[in-house]
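For reference, the structure is listed below as structure tokens.
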Amino acid sequence: RMQLFVANEKLPTLTAAQKKKMEGKPVLFFVHGILSSTNGAFSDIHQDSSYFQRLCDKYDNNIIAYEHWTLGKDTNRNASDLVKELPDGVALDIICHSRGAGVVRSLLETPTLIAAMKKRGITVNKVCFVAGACEGSDLATEDAVNRLFNVINKMSVLLGHGGIAGGLLTEIIKLILGGLQELPGTDAMDPGGDIVQALNKSTATLASHYLYIRANFDPNNTAVAAVDKQLIDKII
């Protein structure tokens, strides 16, 4: 669902009247990543009240976000659902995180979706990928997903609780260990998969500028350097 990004724990769904008021105006648009939510990814922006106010002033309070399925739907489906929820005639600046990069790339680089947005007068200026999985992730391969959830399950048991997001993780683990063979949301991020391969061959985009923010972390001078890298790779 499309949300109005306000300083509130429960972000309201964007109404038809609010969409109408945004027509022809600049809009800031947030897209979260995998196993997350708008608040989970971006709520810290609200903590800096002066910065958030500057954003509100710059975009005349026209700040929205898309809360979506990240496991049960692939990135193409997320993007096609998203198009239907956007206000007409807006000029978007987009900030996306993690798997949200795949959703945004599908949105902006798929010819049918480009045509649909142009027909409705939607334009896109800047896109900022924050730790974005723009070319997929090796963690999305089937073997990596199975290993990851098995390790998380073991850690959850050792710690004596259900782990991330309470019972959510437990239910995911049950599905994985119970023989679920497909997770469209993670399959879509497989670097060798059809979706990522198609995007990497694309020569079109609706955006004027792509920018990115990524980590440049060197573990050599930290405690992480003492951990056997092969052991870590084997575990996760």
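Residue numbering restarts at 1 in every chain; chains get A, B, ... in the order shown in the structure tokens, and ligands count up from 1 in that same order.
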Exercise for the section: Might you pull out every residue within 10 Å of Lys58 (chain A), with only C-alpha atoms counted and same-chain residues fewer than 4 positions away left off, and present them as a VMD selection string? Expected result: chain A and resid 26 to 28 52 to 54 62 to 63
Next, the residues of the selection above should be written as an mmCIF file, in the first residue's frame with C-alpha atoms.
```
data_model
loop_
_atom_site.group_PDB
_atom_site.id
_atom_site.type_symbol
_atom_site.label_atom_id
_atom_site.label_comp_id
_atom_site.auth_asym_id
_atom_site.auth_seq_id
_atom_site.Cartn_x
_atom_site.Cartn_y
_atom_site.Cartn_z
ATOM 1 C CA PRO A 26 7.708 17.145 -6.724
ATOM 2 C CA VAL A 27 7.302 14.100 -4.473
ATOM 3 C CA LEU A 28 9.879 12.255 -2.351
ATOM 4 C CA PHE A 52 12.710 15.952 8.536
ATOM 5 C CA GLN A 53 11.207 19.436 8.570
ATOM 6 C CA ARG A 54 13.614 20.494 5.808
ATOM 7 C CA ASN A 62 4.523 15.461 -0.381
ATOM 8 C CA ILE A 63 6.511 12.510 0.978
#
```
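Within the 7 Å cut-off around Phe30 (chain A), using only C-alpha atoms and omitting residues fewer than 4 positions from it on the same chain, the listed residues are Ile64, Ala65, Tyr66, Ile94, Ile95 and Cys96 of chain A.
CA of Lys21 (chain A) to CA of Leu86 (chain A) spans 12.4 Å [interatomic distance, one decimal].
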Exercise for the section: Fewer than 6 positions away in the same chain doesn't count, so skip those; otherwise give me all residues within 10 Å of Ala91 (chain A), counting only C-alpha atoms, as a PyMOL selection string. Expected result: chain A and resi 22-29+121-126
Could you take the residues named above and write them with all heavy atoms, as a compact mmCIF listing (two decimals), in the first residue's frame?
```txt
# COMPACT_ATOMS: atom_id res chain seq x y z
N MET A 22 -1.30 16.07 -5.04
CA MET A 22 0.12 15.94 -5.40
C MET A 22 0.38 16.07 -6.89
O MET A 22 1.53 16.21 -7.31
CB MET A 22 0.65 14.58 -4.91
CG MET A 22 0.73 14.46 -3.42
SD MET A 22 1.40 12.84 -2.91
CE MET A 22 1.33 13.01 -1.12
N GLU A 23 -0.66 16.02 -7.70
CA GLU A 23 -0.49 16.06 -9.15
C GLU A 23 0.30 17.29 -9.58
O GLU A 23 0.04 18.41 -9.15
CB GLU A 23 -1.86 16.06 -9.85
CG GLU A 23 -2.56 14.72 -9.78
CD GLU A 23 -3.85 14.70 -10.58
OE1 GLU A 23 -4.03 15.60 -11.44
OE2 GLU A 23 -4.67 13.80 -10.36
N GLY A 24 1.31 17.04 -10.42
CA GLY A 24 2.12 18.12 -10.96
C GLY A 24 3.17 18.66 -10.02
O GLY A 24 3.82 19.66 -10.32
N LYS A 25 3.38 17.98 -8.87
CA LYS A 25 4.31 18.48 -7.87
C LYS A 25 5.48 17.51 -7.64
O LYS A 25 5.34 16.32 -7.88
CB LYS A 25 3.58 18.72 -6.55
CG LYS A 25 2.49 19.78 -6.63
CD LYS A 25 1.80 19.95 -5.29
CE LYS A 25 0.71 21.02 -5.36
NZ LYS A 25 0.02 21.17 -4.06
N PRO A 26 6.61 18.03 -7.11
CA PRO A 26 7.71 17.15 -6.72
C PRO A 26 7.30 16.29 -5.52
O PRO A 26 6.67 16.80 -4.58
CB PRO A 26 8.83 18.11 -6.35
CG PRO A 26 8.45 19.41 -6.96
CD PRO A 26 6.95 19.45 -6.96
N VAL A 27 7.65 15.03 -5.55
CA VAL A 27 7.30 14.10 -4.47
C VAL A 27 8.53 13.26 -4.12
O VAL A 27 9.21 12.74 -5.01
CB VAL A 27 6.15 13.17 -4.89
CG1 VAL A 27 5.92 12.07 -3.85
CG2 VAL A 27 4.87 13.96 -5.09
N LEU A 28 8.81 13.14 -2.83
CA LEU A 28 9.88 12.26 -2.35
C LEU A 28 9.26 10.89 -2.04
O LEU A 28 8.24 10.81 -1.35
CB LEU A 28 10.54 12.84 -1.11
CG LEU A 28 11.69 12.02 -0.50
CD1 LEU A 28 12.83 11.84 -1.50
CD2 LEU A 28 12.20 12.71 0.79
N PHE A 29 9.89 9.84 -2.53
CA PHE A 29 9.31 8.50 -2.48
C PHE A 29 10.30 7.50 -1.90
O PHE A 29 11.41 7.36 -2.41
CB PHE A 29 8.90 8.11 -3.91
CG PHE A 29 8.25 6.76 -4.03
CD1 PHE A 29 7.44 6.25 -3.04
CD2 PHE A 29 8.45 6.01 -5.19
CE1 PHE A 29 6.84 5.00 -3.18
CE2 PHE A 29 7.85 4.77 -5.34
CZ PHE A 29 7.05 4.26 -4.33
N GLY A 121 1.80 10.87 -16.99
CA GLY A 121 2.54 12.09 -16.72
C GLY A 121 3.49 12.00 -15.55
O GLY A 121 3.88 13.03 -14.98
N ILE A 122 3.90 10.80 -15.17
CA ILE A 122 4.82 10.61 -14.05
C ILE A 122 6.25 10.70 -14.56
O ILE A 122 6.61 10.01 -15.52
CB ILE A 122 4.59 9.25 -13.36
CG1 ILE A 122 3.18 9.18 -12.77
CG2 ILE A 122 5.64 9.01 -12.27
CD1 ILE A 122 2.78 7.79 -12.29
N THR A 123 7.06 11.53 -13.92
CA THR A 123 8.48 11.64 -14.26
C THR A 123 9.32 11.30 -13.04
O THR A 123 8.84 11.32 -11.91
CB THR A 123 8.83 13.06 -14.74
OG1 THR A 123 8.52 14.00 -13.69
CG2 THR A 123 8.04 13.43 -15.99
N VAL A 124 10.59 10.98 -13.29
CA VAL A 124 11.51 10.62 -12.21
C VAL A 124 12.81 11.37 -12.40
O VAL A 124 13.44 11.30 -13.47
CB VAL A 124 11.79 9.09 -12.19
CG1 VAL A 124 12.74 8.74 -11.05
CG2 VAL A 124 10.49 8.31 -12.05
N ASN A 125 13.21 12.10 -11.38
CA ASN A 125 14.44 12.86 -11.43
C ASN A 125 15.59 12.03 -10.87
O ASN A 125 16.23 11.28 -11.59
CB ASN A 125 14.29 14.19 -10.69
CG ASN A 125 15.52 15.07 -10.80
OD1 ASN A 125 16.31 14.92 -11.72
ND2 ASN A 125 15.68 15.99 -9.88
N LYS A 126 15.81 12.12 -9.57
CA LYS A 126 16.94 11.41 -8.96
C LYS A 126 16.48 10.15 -8.25
O LYS A 126 15.43 10.13 -7.61
CB LYS A 126 17.66 12.32 -7.97
CG LYS A 126 18.33 13.53 -8.61
CD LYS A 126 19.02 14.39 -7.57
CE LYS A 126 19.67 15.61 -8.21
NZ LYS A 126 20.32 16.48 -7.20
```
Just the residues within 12 Å of Ala116 (chain A), please, counting only C-alpha atoms, with nothing from its chain fewer than 6 positions along; format it as a PDB file with N, CA, C and O atoms, in the first residue's frame.
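Full text of part-v7.pdb as output:
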```
ATOM      1  N   ALA A  79       6.640  -3.978  -8.538  1.00  0.00           N
ATOM      2  CA  ALA A  79       6.698  -2.769  -9.350  1.00  0.00           C
ATOM      3  C   ALA A  79       5.388  -2.530 -10.101  1.00  0.00           C
ATOM      4  O   ALA A  79       4.906  -1.394 -10.175  1.00  0.00           O
ATOM      5  N   SER A  80       4.805  -3.583 -10.640  1.00  0.00           N
ATOM      6  CA  SER A  80       3.547  -3.412 -11.375  1.00  0.00           C
ATOM      7  C   SER A  80       2.408  -3.032 -10.435  1.00  0.00           C
ATOM      8  O   SER A  80       1.529  -2.241 -10.799  1.00  0.00           O
ATOM      9  N   ASP A  81       2.435  -3.562  -9.199  1.00  0.00           N
ATOM     10  CA  ASP A  81       1.454  -3.151  -8.194  1.00  0.00           C
ATOM     11  C   ASP A  81       1.665  -1.689  -7.798  1.00  0.00           C
ATOM     12  O   ASP A  81       0.704  -0.931  -7.606  1.00  0.00           O
ATOM     13  N   LEU A  82       2.927  -1.313  -7.688  1.00  0.00           N
ATOM     14  CA  LEU A  82       3.297   0.038  -7.258  1.00  0.00           C
ATOM     15  C   LEU A  82       2.780   1.096  -8.234  1.00  0.00           C
ATOM     16  O   LEU A  82       2.242   2.130  -7.807  1.00  0.00           O
ATOM     17  N   VAL A  83       2.940   0.839  -9.518  1.00  0.00           N
ATOM     18  CA  VAL A  83       2.525   1.810 -10.531  1.00  0.00           C
ATOM     19  C   VAL A  83       1.066   2.217 -10.347  1.00  0.00           C
ATOM     20  O   VAL A  83       0.708   3.395 -10.474  1.00  0.00           O
ATOM     21  N   LYS A  84       0.234   1.259 -10.022  1.00  0.00           N
ATOM     22  CA  LYS A  84      -1.200   1.514  -9.865  1.00  0.00           C
ATOM     23  C   LYS A  84      -1.486   2.437  -8.680  1.00  0.00           C
ATOM     24  O   LYS A  84      -2.530   3.093  -8.636  1.00  0.00           O
ATOM     25  N   LEU A  86       0.638   4.953  -7.567  1.00  0.00           N
ATOM     26  CA  LEU A  86       1.271   6.274  -7.643  1.00  0.00           C
ATOM     27  C   LEU A  86       0.272   7.350  -8.044  1.00  0.00           C
ATOM     28  O   LEU A  86      -0.609   7.111  -8.875  1.00  0.00           O
ATOM     29  N   ASP A  88      -0.993  10.540 -10.151  1.00  0.00           N
ATOM     30  CA  ASP A  88      -0.743  10.975 -11.527  1.00  0.00           C
ATOM     31  C   ASP A  88       0.083  12.258 -11.549  1.00  0.00           C
ATOM     32  O   ASP A  88      -0.005  13.097 -10.639  1.00  0.00           O
ATOM     33  N   GLY A  89       0.899  12.396 -12.594  1.00  0.00           N
ATOM     34  CA  GLY A  89       1.559  13.668 -12.882  1.00  0.00           C
ATOM     35  C   GLY A  89       2.612  14.128 -11.902  1.00  0.00           C
ATOM     36  O   GLY A  89       2.997  15.300 -11.921  1.00  0.00           O
ATOM     37  N   LEU A 107      10.640  -1.000 -11.802  1.00  0.00           N
ATOM     38  CA  LEU A 107       9.704   0.094 -12.049  1.00  0.00           C
ATOM     39  C   LEU A 107      10.184   1.009 -13.173  1.00  0.00           C
ATOM     40  O   LEU A 107       9.410   1.405 -14.047  1.00  0.00           O
ATOM     41  N   LEU A 108      11.467   1.336 -13.156  1.00  0.00           N
ATOM     42  CA  LEU A 108      12.001   2.368 -14.041  1.00  0.00           C
ATOM     43  C   LEU A 108      12.604   1.839 -15.334  1.00  0.00           C
ATOM     44  O   LEU A 108      12.839   2.617 -16.265  1.00  0.00           O
ATOM     45  N   GLU A 109      12.863   0.522 -15.400  1.00  0.00           N
ATOM     46  CA  GLU A 109      13.573  -0.011 -16.559  1.00  0.00           C
ATOM     47  C   GLU A 109      12.763  -1.038 -17.350  1.00  0.00           C
ATOM     48  O   GLU A 109      13.255  -1.568 -18.349  1.00  0.00           O
ATOM     49  N   THR A 110      11.543  -1.321 -16.913  1.00  0.00           N
ATOM     50  CA  THR A 110      10.681  -2.243 -17.645  1.00  0.00           C
ATOM     51  C   THR A 110       9.857  -1.450 -18.655  1.00  0.00           C
ATOM     52  O   THR A 110       9.107  -0.544 -18.265  1.00  0.00           O
ATOM     53  N   ILE A 122       3.895  10.801 -15.169  1.00  0.00           N
ATOM     54  CA  ILE A 122       4.819  10.611 -14.050  1.00  0.00           C
ATOM     55  C   ILE A 122       6.252  10.696 -14.560  1.00  0.00           C
ATOM     56  O   ILE A 122       6.614  10.013 -15.523  1.00  0.00           O
ATOM     57  N   THR A 123       7.062  11.535 -13.919  1.00  0.00           N
ATOM     58  CA  THR A 123       8.477  11.643 -14.260  1.00  0.00           C
ATOM     59  C   THR A 123       9.325  11.299 -13.044  1.00  0.00           C
ATOM     60  O   THR A 123       8.844  11.317 -11.905  1.00  0.00           O
ATOM     61  N   LEU A 206      13.510   5.514 -16.843  1.00  0.00           N
ATOM     62  CA  LEU A 206      12.707   6.742 -16.769  1.00  0.00           C
ATOM     63  C   LEU A 206      13.402   7.810 -15.941  1.00  0.00           C
ATOM     64  O   LEU A 206      13.036   8.980 -15.997  1.00  0.00           O
TER      65      LEU A 206
END
```
Handout entry: Among listed residues A:Thr205, A:Asn220, A:Thr75, A:Thr13, nearest Thr112 (chain A) (using only C-alpha atoms)
Key = A:Thr205
Exercise for the section: Give me, please, the distance in Å between CA of Ser106 (chain A) and CA of Gln18 (chain A), quoted to one decimal. Expected result: 25.5 Å
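Residue nearest Leu55 (chain A), chosen from A:Gly40, A:Arg99, A:Ala7, A:Gly33 and counting only C-alpha atoms: A:Ala7.
If you measure from each of A:Met189, A:Leu211, A:Met2, A:Cys56 to His68 (chain A) using only C-alpha atoms, the closest one turns out to be A:Met2.
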Exercise for the section: From a DSSP pass on the backbone, collect the residues of region 24-91 of chain A flagged as strand (DSSP E) and hand them back as number ranges by chain. Expected result: A: 26-31, 63-66, 91
Selection file, N, CA and C atoms, as a PDB file, in the first residue's frame:
```
ATOM      1  N   PRO A  26       6.610  18.031  -7.114  1.00  0.00           N
ATOM      2  CA  PRO A  26       7.708  17.145  -6.724  1.00  0.00           C
ATOM      3  C   PRO A  26       7.303  16.294  -5.516  1.00  0.00           C
ATOM      4  N   VAL A  27       7.654  15.028  -5.550  1.00  0.00           N
ATOM      5  CA  VAL A  27       7.302  14.100  -4.473  1.00  0.00           C
ATOM      6  C   VAL A  27       8.534  13.265  -4.116  1.00  0.00           C
ATOM      7  N   LEU A  28       8.813  13.136  -2.831  1.00  0.00           N
ATOM      8  CA  LEU A  28       9.879  12.255  -2.351  1.00  0.00           C
ATOM      9  C   LEU A  28       9.262  10.894  -2.038  1.00  0.00           C
ATOM     10  N   PHE A  29       9.890   9.838  -2.529  1.00  0.00           N
ATOM     11  CA  PHE A  29       9.306   8.499  -2.482  1.00  0.00           C
ATOM     12  C   PHE A  29      10.303   7.505  -1.902  1.00  0.00           C
ATOM     13  N   PHE A  30       9.909   6.806  -0.818  1.00  0.00           N
ATOM     14  CA  PHE A  30      10.750   5.809  -0.161  1.00  0.00           C
ATOM     15  C   PHE A  30      10.272   4.390  -0.475  1.00  0.00           C
ATOM     16  N   VAL A  31      11.240   3.484  -0.717  1.00  0.00           N
ATOM     17  CA  VAL A  31      10.925   2.067  -0.948  1.00  0.00           C
ATOM     18  C   VAL A  31      11.841   1.214  -0.071  1.00  0.00           C
ATOM     19  N   ILE A  63       5.555  13.596   0.754  1.00  0.00           N
ATOM     20  CA  ILE A  63       6.511  12.510   0.978  1.00  0.00           C
ATOM     21  C   ILE A  63       5.714  11.219   1.163  1.00  0.00           C
ATOM     22  N   ILE A  64       6.018  10.233   0.329  1.00  0.00           N
ATOM     23  CA  ILE A  64       5.250   8.995   0.358  1.00  0.00           C
ATOM     24  C   ILE A  64       6.184   7.786   0.438  1.00  0.00           C
ATOM     25  N   ALA A  65       5.611   6.636   0.707  1.00  0.00           N
ATOM     26  CA  ALA A  65       6.389   5.394   0.804  1.00  0.00           C
ATOM     27  C   ALA A  65       5.511   4.230   0.374  1.00  0.00           C
ATOM     28  N   TYR A  66       6.170   3.172  -0.094  1.00  0.00           N
ATOM     29  CA  TYR A  66       5.439   1.999  -0.564  1.00  0.00           C
ATOM     30  C   TYR A  66       5.752   0.805   0.323  1.00  0.00           C
ATOM     31  N   ALA A  91       6.411  14.372 -10.012  1.00  0.00           N
ATOM     32  CA  ALA A  91       7.835  14.340 -10.356  1.00  0.00           C
ATOM     33  C   ALA A  91       8.565  13.725  -9.168  1.00  0.00           C
TER      34      ALA A  91
END
```
